[in-house]
>>> print(open('query-v4.pdb').read())   # PDB, C-alpha atoms and all ligand atoms
ATOM      1  CA  MET A1031      85.129  48.216  79.503  1.00  0.00           C
ATOM      2  CA  ASP A1032      82.608  49.714  81.836  1.00  0.00           C
ATOM      3  CA  LYS A1033      80.209  47.498  83.607  1.00  0.00           C
ATOM      4  CA  THR A1034      77.298  49.166  85.229  1.00  0.00           C
ATOM      5  CA  PHE A1035      76.271  47.832  88.550  1.00  0.00           C
ATOM      6  CA  SER A1036      74.850  49.137  91.752  1.00  0.00           C
ATOM      7  CA  LEU A1037      74.890  47.977  95.306  1.00  0.00           C
ATOM      8  CA  THR A1038      71.871  45.892  96.186  1.00  0.00           C
ATOM      9  CA  ASN A1039      72.700  44.809  99.725  1.00  0.00           C
ATOM     10  CA  ALA A1040      75.236  45.404 102.461  1.00  0.00           C
ATOM     11  CA  ALA A1041      75.355  43.320 105.613  1.00  0.00           C
ATOM     12  CA  VAL A1042      77.719  42.669 108.468  1.00  0.00           C
ATOM     13  CA  MET A1043      78.644  39.047 109.066  1.00  0.00           C
ATOM     14  CA  GLY A1044      80.917  38.625 112.046  1.00  0.00           C
ATOM     15  CA  ASN A1045      83.909  40.850 111.420  1.00  0.00           C
ATOM     16  CA  GLN A1046      83.242  41.047 107.704  1.00  0.00           C
ATOM     17  CA  LEU A1047      81.160  43.245 105.485  1.00  0.00           C
ATOM     18  CA  ALA A1048      79.299  41.479 102.706  1.00  0.00           C
ATOM     19  CA  LEU A1049      78.284  43.462  99.652  1.00  0.00           C
ATOM     20  CA  ALA A1050      75.936  42.212  96.970  1.00  0.00           C
ATOM     21  CA  TRP A1051      75.840  43.846  93.565  1.00  0.00           C
ATOM     22  CA  SER A1052      73.154  44.187  90.965  1.00  0.00           C
ATOM     23  CA  ASP A1053      75.053  41.991  88.512  1.00  0.00           C
ATOM     24  CA  GLY A1054      75.028  39.076  90.940  1.00  0.00           C
ATOM     25  CA  GLU A1055      78.559  39.432  92.288  1.00  0.00           C
ATOM     26  CA  GLU A1056      79.210  39.289  96.005  1.00  0.00           C
ATOM     27  CA  ASN A1057      82.271  40.503  97.835  1.00  0.00           C
ATOM     28  CA  TYR A1058      83.416  40.056 101.413  1.00  0.00           C
ATOM     29  CA  TYR A1059      85.805  42.331 103.235  1.00  0.00           C
ATOM     30  CA  THR A1060      87.232  42.079 106.706  1.00  0.00           C
ATOM     31  CA  PHE A1061      86.874  45.313 108.620  1.00  0.00           C
ATOM     32  CA  GLU A1062      90.620  45.524 108.949  1.00  0.00           C
ATOM     33  CA  ALA A1063      91.218  45.190 105.218  1.00  0.00           C
ATOM     34  CA  LEU A1064      88.548  47.769 104.521  1.00  0.00           C
ATOM     35  CA  ARG A1065      89.971  50.259 106.952  1.00  0.00           C
ATOM     36  CA  ARG A1066      93.520  49.782 105.715  1.00  0.00           C
ATOM     37  CA  ALA A1067      92.273  50.453 102.193  1.00  0.00           C
ATOM     38  CA  CYS A1068      90.646  53.722 103.223  1.00  0.00           C
ATOM     39  CA  PRO A1069      91.102  55.933 100.163  1.00  0.00           C
ATOM     40  CA  CYS A1070      91.134  59.282 101.966  1.00  0.00           C
ATOM     41  CA  ALA A1071      94.192  61.521 101.791  1.00  0.00           C
ATOM     42  CA  ASN A1072      94.945  61.045 105.473  1.00  0.00           C
ATOM     43  CA  CYS A1073      95.284  57.315 105.029  1.00  0.00           C
ATOM     44  CA  GLN A1074      96.720  56.986 101.528  1.00  0.00           C
ATOM     45  CA  GLY A1075      98.756  60.156 101.272  1.00  0.00           C
ATOM     46  CA  GLU A1076      98.889  62.875  98.665  1.00  0.00           C
ATOM     47  CA  PRO A1077     101.622  63.637  96.164  1.00  0.00           C
ATOM     48  CA  ASP A1078     104.070  66.234  97.397  1.00  0.00           C
ATOM     49  CA  ALA A1079     105.425  69.077  95.263  1.00  0.00           C
ATOM     50  CA  LEU A1080     107.684  66.635  93.410  1.00  0.00           C
ATOM     51  CA  GLY A1081     104.899  64.191  92.768  1.00  0.00           C
ATOM     52  CA  ARG A1082     106.118  61.664  95.281  1.00  0.00           C
ATOM     53  CA  VAL A1083     103.414  60.096  97.330  1.00  0.00           C
ATOM     54  CA  VAL A1084     104.474  59.930 100.911  1.00  0.00           C
ATOM     55  CA  ARG A1085     102.396  57.220 102.397  1.00  0.00           C
ATOM     56  CA  PRO A1086     101.454  58.111 105.897  1.00  0.00           C
ATOM     57  CA  ASN A1087     101.615  55.317 108.359  1.00  0.00           C
ATOM     58  CA  PRO A1088      98.806  56.127 110.695  1.00  0.00           C
ATOM     59  CA  THR A1089      98.737  54.235 113.919  1.00  0.00           C
ATOM     60  CA  LEU A1090      95.486  52.372 114.050  1.00  0.00           C
ATOM     61  CA  GLY A1091      94.234  51.145 117.379  1.00  0.00           C
ATOM     62  CA  PRO A1092      91.809  48.271 117.766  1.00  0.00           C
ATOM     63  CA  LYS A1093      88.862  50.674 117.589  1.00  0.00           C
ATOM     64  CA  ALA A1094      89.924  51.692 114.118  1.00  0.00           C
ATOM     65  CA  PHE A1095      88.710  48.339 112.854  1.00  0.00           C
ATOM     66  CA  ASP A1096      85.246  48.574 114.393  1.00  0.00           C
ATOM     67  CA  LEU A1097      82.753  49.313 111.674  1.00  0.00           C
ATOM     68  CA  ILE A1098      80.080  51.437 113.314  1.00  0.00           C
ATOM     69  CA  SER A1099      77.878  52.362 110.382  1.00  0.00           C
ATOM     70  CA  TRP A1100      77.902  53.267 106.742  1.00  0.00           C
ATOM     71  CA  GLU A1101      75.861  55.237 104.286  1.00  0.00           C
ATOM     72  CA  THR A1102      75.600  55.439 100.549  1.00  0.00           C
ATOM     73  CA  VAL A1103      76.837  58.610  98.935  1.00  0.00           C
ATOM     74  CA  GLY A1104      75.449  59.840  95.653  1.00  0.00           C
ATOM     75  CA  GLY A1105      74.529  56.356  94.507  1.00  0.00           C
ATOM     76  CA  TYR A1106      78.144  55.530  93.654  1.00  0.00           C
ATOM     77  CA  ALA A1107      80.051  55.163  96.902  1.00  0.00           C
ATOM     78  CA  LEU A1108      79.937  54.056 100.516  1.00  0.00           C
ATOM     79  CA  GLN A1109      81.159  56.087 103.427  1.00  0.00           C
ATOM     80  CA  PHE A1110      82.087  54.127 106.534  1.00  0.00           C
ATOM     81  CA  ARG A1111      82.216  55.336 110.098  1.00  0.00           C
ATOM     82  CA  TRP A1112      84.823  53.634 112.245  1.00  0.00           C
ATOM     83  CA  GLY A1113      85.115  53.139 115.979  1.00  0.00           C
ATOM     84  CA  ASP A1114      87.850  55.745 116.282  1.00  0.00           C
ATOM     85  CA  GLY A1115      85.660  58.399 114.667  1.00  0.00           C
ATOM     86  CA  HIS A1116      87.284  58.281 111.239  1.00  0.00           C
ATOM     87  CA  SER A1117      84.794  58.692 108.399  1.00  0.00           C
ATOM     88  CA  THR A1118      86.392  60.730 105.625  1.00  0.00           C
ATOM     89  CA  GLY A1119      87.026  57.884 103.199  1.00  0.00           C
ATOM     90  CA  LEU A1120      84.692  57.595 100.215  1.00  0.00           C
ATOM     91  CA  TYR A1121      84.813  54.084  98.803  1.00  0.00           C
ATOM     92  CA  SER A1122      83.405  54.175  95.305  1.00  0.00           C
ATOM     93  CA  TYR A1123      81.604  51.054  94.154  1.00  0.00           C
ATOM     94  CA  GLN A1124      84.266  50.528  91.509  1.00  0.00           C
ATOM     95  CA  TYR A1125      86.984  50.783  94.149  1.00  0.00           C
ATOM     96  CA  LEU A1126      85.170  48.268  96.334  1.00  0.00           C
ATOM     97  CA  ARG A1127      84.772  45.900  93.424  1.00  0.00           C
ATOM     98  CA  ASN A1128      88.479  46.118  92.674  1.00  0.00           C
ATOM     99  CA  LEU A1129      89.292  45.522  96.325  1.00  0.00           C
ATOM    100  CA  GLY A1130      87.105  42.468  96.400  1.00  0.00           C
ATOM    101  CA  ASP A1131      88.627  40.798  93.358  1.00  0.00           C
TER     102      ASP A1131
HETATM  103 ZN    ZN A1201      91.019  57.439 105.794  1.00  0.00          ZN
END
>>> encode(input="query-v4.pdb", output="structure tokens")
Amino acid sequence: MDKTFSLTNAAVMGNQLALAWSDGEENYYTFEALRRACPCANCQGEPDALGRVVRPNPTLGPKAFDLISWETVGGYALQFRWGDGHSTGLYSYQYLRNLGD
């Protein structure tokens, strides 16, 4: 079942990001949880030739959990920039909603 929703507001509160959605839901994420959930291939790994996903275990320093900025991408995702310069993860709204539940 597809629900259609869009992001109506994003705000930093302390060390959390608060997202408000057009259907009235709100989700809160700590920066650390957000960064650890980064969906990019560097962070989550890619299947190898045998289809096994080797999960990298990147070492994340304290700066990795500083949320510097974010922007919306294509009306369906957020891209975060982190204190260590990492910014390749595209967090789709659906992914963020699942994370927040
Ligand atoms: Zn990443």
>>> resolve_selection(input="query-v4.pdb", expression="the PyMOL selection byres (((chain A and resi 1091-1106) around 10) and not hetatm)", output="PyMOL selection string")
chain A and resi 1035-1037+1040+1042+1045-1047+1060-1066+1088-1090+1107-1117+1120-1124
>>> residues_near_ligand(input="query-v4.pdb", ligand="ligand ZN 1201 (chain A)", cutoff="7 Å", atoms="only C-alpha atoms and all ligand atoms", output="list in words")
Cys1068, Pro1069, Cys1070, Ala1071, Asn1072, Cys1073, His1116, Ser1117, Thr1118 and Gly1119 of chain A
>>> resolve_selection(input="query-v4.pdb", expression="the PyMOL selection byres (((chain A and resi 1038) around 6) and not hetatm)", output="ChimeraX atom specification")
/A:1037,1039,1050-1052
>>> atom_distance(input="query-v4.pdb", atom1="atom CA of Gly1081 of chain A", atom2="atom CA of Ala1067 of chain A")
20.9 Å
>>> atom_distance(input="query-v4.pdb", atom1="atom CA of Ala1048 of chain A", atom2="atom CA of Leu1129 of chain A")
12.5 Å
>>> atom_distance(input="query-v4.pdb", atom1="atom CA of Tyr1125 of chain A", atom2="atom CA of Glu1055 of chain A")
14.3 Å
>>> axis_aligned_box(input="query-v4.pdb", around="segment 1113-1116 of chain A", padding_each_side="3 Å", output="JSON")
{"center_x": 86.5, "center_y": 55.8, "center_z": 113.8, "size_x": 8.7, "size_y": 11.3, "size_z": 11.0}
>>> decode(input="query-v4.pdb", residues="segment 1068-1083 of chain A", atoms="N, CA and C atoms", output="short mmCIF file (atom, residue, chain, number, x, y, z; two decimals), in the first residue's frame")
data_model
loop_
_atom_site.label_atom_id
_atom_site.label_comp_id
_atom_site.auth_asym_id
_atom_site.auth_seq_id
_atom_site.Cartn_x
_atom_site.Cartn_y
_atom_site.Cartn_z
N CYS A 1068 23.26 5.48 6.95
CA CYS A 1068 23.57 6.03 5.63
C CYS A 1068 23.47 4.93 4.58
N PRO A 1069 22.60 5.14 3.58
CA PRO A 1069 22.33 4.07 2.61
C PRO A 1069 23.34 3.98 1.48
N CYS A 1070 24.39 4.76 1.49
CA CYS A 1070 25.31 4.71 0.34
C CYS A 1070 26.13 3.42 0.37
N ALA A 1071 26.69 3.09 -0.78
CA ALA A 1071 27.42 1.82 -0.92
C ALA A 1071 28.63 1.76 0.00
N ASN A 1072 29.26 2.89 0.23
CA ASN A 1072 30.42 2.91 1.11
C ASN A 1072 30.07 2.49 2.52
N CYS A 1073 28.88 2.87 2.95
CA CYS A 1073 28.49 2.60 4.33
C CYS A 1073 27.77 1.27 4.48
N GLN A 1074 26.95 0.91 3.51
CA GLN A 1074 26.13 -0.29 3.66
C GLN A 1074 26.67 -1.49 2.89
N GLY A 1075 27.62 -1.26 2.01
CA GLY A 1075 28.19 -2.38 1.27
C GLY A 1075 27.41 -2.71 0.03
N GLU A 1076 28.06 -3.43 -0.86
CA GLU A 1076 27.42 -3.86 -2.10
C GLU A 1076 27.62 -5.36 -2.21
N PRO A 1077 26.69 -6.04 -2.86
CA PRO A 1077 26.87 -7.49 -3.03
C PRO A 1077 28.12 -7.79 -3.84
N ASP A 1078 28.87 -8.80 -3.43
CA ASP A 1078 30.02 -9.20 -4.23
C ASP A 1078 29.56 -10.13 -5.35
N ALA A 1079 30.51 -10.75 -6.05
CA ALA A 1079 30.17 -11.55 -7.22
C ALA A 1079 29.26 -12.73 -6.85
N LEU A 1080 29.30 -13.16 -5.61
CA LEU A 1080 28.47 -14.28 -5.18
C LEU A 1080 27.19 -13.82 -4.50
N GLY A 1081 26.96 -12.52 -4.54
CA GLY A 1081 25.73 -12.00 -3.97
C GLY A 1081 25.78 -11.78 -2.47
N ARG A 1082 26.95 -12.01 -1.90
CA ARG A 1082 27.05 -11.76 -0.46
C ARG A 1082 27.32 -10.28 -0.22
N VAL A 1083 26.62 -9.73 0.71
CA VAL A 1083 26.89 -8.33 1.02
C VAL A 1083 27.91 -8.28 2.14
#
